[in-house]
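The structure under discussion appears below in the form of structure tokens.
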Amino acid sequence: MSRVASFPGAKPANSDSSRKSQMSDFQECEVQNRRDQVDNKQSPVNLAVNVGGIRMVNPVTTGSGTFGFGPEYAPYLDLRQLGAITVKGITLEPRLGNPVPRIVETPAGMLNAIGLQNPGVEAFIRDHLPYLREVGVPVIVNIAGNTVEDYAAVAERLDQAPGVAGLEVNISCPNVKKGGLQFGTDPVMAAEVIGAVRASTKLPVIAKLSPNVTNIVAMAESVAQAGANALSLINTLLGMAIDVQARRPVLANVVGGLSGPAIKPVAVRMVWQVAQAVDLPIIGMGGITTAEDALEFILAGATAVAVGTANFINPRATLEVVAGLAAYCEANGIKDINELVGWAWKMSC
Amino acid sequence: MSLLCLAPILTQHEIAPRHFLLTFRAPAMAKVAQPGQFVHVRCGDTLDPLLRRPLSLHGIDRTKGTLTLLYRVVGKGTARLSRMQPGEALDVIGPLGRGFSLSLPFGQVVNEAVVVGGGIGVAPLLPLIEALLNQGSQVTVLLGARSADGLLGLKAFEQTGARVEIATDDGSLGVKGNVADLLKNWLTRGTVLPAGSGCVYACGPAPMLRTIWQMCAAHQIPLQVSLEERMGCGVGACLACVCRVTRTDEGKNKEISDDNNVKSSLALAADSDWKYARVCVEGPVFWGEEVLLDE
């Protein structure tokens with residue numbers, strides 16, 4: 001039965017069409033799930049990278065908090081094709097997170113204030129890590145805490161959990177009352193957290209830095225001295241939005257972290273600055289939606305990249321970036337993607 | 001099983017000012033879609049607006065392999081969507097979430113249902129009503145809007161064969177008042193739902209749902225509500241679209257680690273009996289007894 005016909009007075013939609021696509025002769029819905037043509041082994045280009053001891057078959061991981069614990073996206077792509085999976089931030093004890101609204105869309109971006117909702121490290125190890133271990137790609141666990149001791153305790157617990165490839169230390173979450181951003185904006189406190197984590201685990205330690213600082217290089221140097229093996233650049237930018245009808249902030253937490261394409265130029269600039277000053281591999285992130293975006297980060301000095309907010313828009317964005325990186329290298333006669341790391345400053349000086 | 005598709009749009013019509021009915025072809029999705037589920041739609045190929053829009057399934061036609069959305073234009077995304085033409089490809093993920101249950105928690109089939117919809121909240125109710133009628137349930141539909149022209153797709157609801165009662169705020173059609181009043185009348189008339197096999201289903205604005213939730217709790221009538229919340233990923237990864245649900249797991253009073261001197265929402269919730277559930281995965285349909293809709 002035709003439902004449209006049951007509405008008298010129905011009239012054709014507005015005819016202002018900007019993108020009449022080539023889909024008109026589609027007979028069947030094109031199911032894209034699991035059409036993964038990327039094959040890391042068969043590519044003539046070496047995409048493998050080493051991030052502070054974490055060996056990835058390609059340079060693409062997921063942005064913490066944008067990919068859950070992995071299975072959420074399994075219906076849409078073959079997780080085994082990822083270079084690594086970086087999971088949602090984990091704390092020692094479970095956290096409820098913030099009240100809603102937790103999210104608001106902004107021009108070419110979004111603000112979030114989730115508040116580190118997570119099941120705690122024990123439940124993560126028990127309920128989520130086995131699945132990830134099965135997938136078989138390196139698992140990077142993002143960790144957070146209220147105190148230096150919290151961070152150390154989570155690190156120590158994960159050190160004993162089989163299947164963890166590395167720890168990404170979140171010293172830059174803008175959405176919790178204590179810890180988080182506070183640790184991420186003071187070089188001395190940041191070094192204290194990284195030092196404590198370093199002393200609690202043999203796993204590679206990645207410091208995830210906040211862009212909400214005046215001097216990102218000073219932060220990077222400080223955590224490098226404290227023993228970080230790699231850096232993640234950047235976390236979200238602190239921002240807010242106001243509902244003009246209600247005349248109050250949209251987010252229940254008032255402020256939130258800005259992510260998405262809007263922040264990409266800031267992130268590329270920070271990777272560019274830090275890569276030249278600090279001799280640590282960098283996972284570049286902030287608004288990457290395409291291989292071209294990822295290449296900007298790599299040319300600025302990132303060894304690997306994380307796709308974050310783009311997963312929400314295109315669940316297959318990570319694999320499209322992998323395929324695009326391989327295609328770019330092939331088209332430009334690059335045999336090893338590592339050759340491109342920092343090219344933009346190495347070759348222009 | 002949820003799919004990611006490029007689905008051709010078959011028809012799109014403006015059925016009321018700023019309200020559109022869009023049908024697209026997606027046989028694989030239509031085959032598995034359940035009443036109350038939603039799809040996550042990309043409204044164009046630009047980065048602004050950035051996020052997908054979660055839209056309820058208003059029509060599920062397994063034979064034709066089509067799905068129909070009824071949506072209101074509220075912002076940039078839905079405005080763009082409303083300008084898309086038949087033949088264009090709709091980038092859609094779905095079906096997503098937990099839909100309506102046609103039976104009660106302990107397995108009894110719902111014999112008598114009262115389906116309550118307000119405003120654009122009527123969207124997911126049409127396939128529910130069809131499914132209920134298909135299984136032989138007796139269905140009464142209570143629809144409400146500000147005025148007569150806000151009663152979206154009224155004819156389609158009437159054509160299902162279910163009994164339809166109407167309330168409008170201005171009294172321009174049906175009873176003057178809101179749907180919660182209709183439900184109240186319905187309950188106090190003595191036409192009480194049969195114990196053990198009756199169920200109320202509701203979708204609409206938050207204040208309406210809260211009233212119905214309280215009413216059903218007071219009358220001890222099973223209720224299923226379809227909730228709406230600002231959504232990010234739509235697949236359970238980002239934890240943006242949460243609602244409060246009663247906590248039944250062990251470790252109830254253990255969940256919080258914040259220091260006592262931090263009076264954050266976390267600390268305040270430490271002794272409470274609730275936790276957050278994801279509207280996109282655990283919902284959008286929740287049982288009245290599990291969800292907490294009080295302020």
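Following the order of the structure tokens, first chain is A, next is B, and so on, with residues numbered from 1 inside each chain and ligands from 1 in the order they appear.
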Which residues are near Glu149 in chain A? Cut-off 9 Å, only C-alpha atoms, ignore same chain within fewer than 6 positions. Put them as a short mmCIF file (atom, residue, chain, number, x, y, z; two decimals) with C-alpha atoms, in the first residue's frame.
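Contents of around19.cif, as written:
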```cif
data_model
loop_
_atom_site.label_atom_id
_atom_site.label_comp_id
_atom_site.auth_asym_id
_atom_site.auth_seq_id
_atom_site.Cartn_x
_atom_site.Cartn_y
_atom_site.Cartn_z
CA VAL A 193 50.95 11.88 36.17
CA ALA A 196 53.52 7.75 37.97
CA VAL A 197 51.99 5.83 35.06
#
```
Any idea what's packed within 8 Å of range 17-22 of chain B, counting only C-alpha atoms, ignoring anything in its chain fewer than 6 positions away? Could you give it as number ranges by chain? A: 4, 13; B: 9-11, 68-73, 82
Determine, counting only C-alpha atoms, which protein, DNA and RNA residues have an atom within 6 Å of an atom of Cys241 in chain B; residues of the same chain fewer than 3 positions away are not included. Present the result as number ranges by chain. B: 229-231, 278-279
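Of the residues under consideration (A:Arg133, A:Ile313, A:Met285, A:Leu231), A:Ile313 shows the shortest atom-to-atom contact distance to Cys43 in chain B when counting only C-alpha atoms.
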Residues at most 7 Å from range 25-41 of chain B, counting only C-alpha atoms, excluding those fewer than 2 positions away in the same chain, as a PyMOL selection string? (chain A and resi 28-29) or (chain B and resi 3+7-10+23+43+52-57+60-62+65-67+91-100+124+127-128+234+285)
Polymer residues at most 9 Å from range 115-118 of chain A, only C-alpha atoms, same-chain spacing of 2 or more positions, as an NGL selection string: (:A and (65 or 88-91 or 93-99 or 102 or 112-113 or 120-121 or 124 or 144 or 173-177 or 253)) or (:B and (239 or 276))
What's the 12 Å shell around Arg269 in chain A, counting only C-alpha atoms, without same-chain residues fewer than 6 positions away, as number ranges by chain? A: 211, 215-217, 233-234, 263, 275-276, 284-286, 296-302, 344-345
Quick one, how far is CA of Leu325 in chain A from CA of Ala310 in chain A? 16.4 Å
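In this structure, CA of Ile288 in chain A sits 11.4 Å away from CA of Leu47 in chain B.
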Can you check which residues of chain B have any atom within 7 Å of chain A? Use only C-alpha atoms and format it as an MDAnalysis selection string. chainID B and resid 2:8 12:15 25:27 47:52 82:85 87:89 153 155:156 230 232:233 235:240 242 255:257 265:266 275:276
Keeping only C-alpha atoms, write the selected residues to a file as a PDB file, in the first residue's frame.
```
ATOM      1  CA  SER B   2      22.112  -2.976  11.306  1.00  0.00           C
ATOM      2  CA  LEU B   3      23.284  -1.930   7.867  1.00  0.00           C
ATOM      3  CA  LEU B   4      25.020   0.999   6.245  1.00  0.00           C
ATOM      4  CA  CYS B   5      23.345   1.799   2.934  1.00  0.00           C
ATOM      5  CA  LEU B   6      23.109   4.226   0.107  1.00  0.00           C
ATOM      6  CA  ALA B   7      19.390   3.966  -0.495  1.00  0.00           C
ATOM      7  CA  PRO B   8      17.554   5.630  -3.382  1.00  0.00           C
ATOM      8  CA  GLN B  12       9.270  12.930  -0.683  1.00  0.00           C
ATOM      9  CA  HIS B  13       6.238  15.058   0.138  1.00  0.00           C
ATOM     10  CA  GLU B  14       5.486  17.950   2.439  1.00  0.00           C
ATOM     11  CA  ILE B  15       2.345  16.740   4.224  1.00  0.00           C
ATOM     12  CA  ARG B  25      14.184   1.761  -1.006  1.00  0.00           C
ATOM     13  CA  ALA B  26      16.218  -0.456   1.308  1.00  0.00           C
ATOM     14  CA  PRO B  27      14.964  -4.053   1.139  1.00  0.00           C
ATOM     15  CA  LEU B  47      30.650  18.903   6.904  1.00  0.00           C
ATOM     16  CA  ASP B  48      28.124  21.448   8.123  1.00  0.00           C
ATOM     17  CA  PRO B  49      25.747  20.235   9.418  1.00  0.00           C
ATOM     18  CA  LEU B  50      28.092  17.517  10.573  1.00  0.00           C
ATOM     19  CA  LEU B  51      26.135  14.846  12.379  1.00  0.00           C
ATOM     20  CA  ARG B  52      23.569  12.353  11.196  1.00  0.00           C
ATOM     21  CA  SER B  82      13.718  18.057   2.940  1.00  0.00           C
ATOM     22  CA  ARG B  83      15.304  19.346  -0.288  1.00  0.00           C
ATOM     23  CA  MET B  84      16.494  15.934  -1.413  1.00  0.00           C
ATOM     24  CA  GLN B  85      14.763  14.542  -4.475  1.00  0.00           C
ATOM     25  CA  GLY B  87      16.465   9.310  -7.238  1.00  0.00           C
ATOM     26  CA  GLU B  88      19.034  10.799  -4.929  1.00  0.00           C
ATOM     27  CA  ALA B  89      20.935   8.506  -2.597  1.00  0.00           C
ATOM     28  CA  GLY B 153      -0.949  11.649   9.066  1.00  0.00           C
ATOM     29  CA  LYS B 155      -5.914   9.692   7.861  1.00  0.00           C
ATOM     30  CA  ALA B 156      -3.275   6.949   7.816  1.00  0.00           C
ATOM     31  CA  ARG B 230      20.450  14.544  21.346  1.00  0.00           C
ATOM     32  CA  GLY B 232      25.935  11.465  18.308  1.00  0.00           C
ATOM     33  CA  CYS B 233      26.920   8.119  16.814  1.00  0.00           C
ATOM     34  CA  VAL B 235      25.278   2.990  17.559  1.00  0.00           C
ATOM     35  CA  GLY B 236      26.147   3.103  21.248  1.00  0.00           C
ATOM     36  CA  ALA B 237      29.737   4.284  21.043  1.00  0.00           C
ATOM     37  CA  CYS B 238      29.703   7.932  22.117  1.00  0.00           C
ATOM     38  CA  LEU B 239      27.393   7.822  25.173  1.00  0.00           C
ATOM     39  CA  ALA B 240      25.806  11.170  24.313  1.00  0.00           C
ATOM     40  CA  VAL B 242      21.548   8.792  27.691  1.00  0.00           C
ATOM     41  CA  GLU B 255      29.515   2.946  41.239  1.00  0.00           C
ATOM     42  CA  ILE B 256      30.963   6.299  42.194  1.00  0.00           C
ATOM     43  CA  SER B 257      34.503   7.192  43.108  1.00  0.00           C
ATOM     44  CA  SER B 265      26.168  14.923  39.660  1.00  0.00           C
ATOM     45  CA  LEU B 266      28.308  11.864  40.127  1.00  0.00           C
ATOM     46  CA  LYS B 275      22.213   4.756  36.123  1.00  0.00           C
ATOM     47  CA  TYR B 276      22.425   6.026  32.564  1.00  0.00           C
TER      48      TYR B 276
END
```
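Nearest to Val250 in chain A of all the residues A:Leu238, A:Leu111, A:Ala199, A:Val305 is A:Leu111, based on only C-alpha atoms.
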So which bits of range 104-298 of chain A end up helix (DSSP H, G or I) when you DSSP the backbone, as a ChimeraX atom specification? /A:121-135,148-159,181-184,187-200,216-225,261-277,291-298
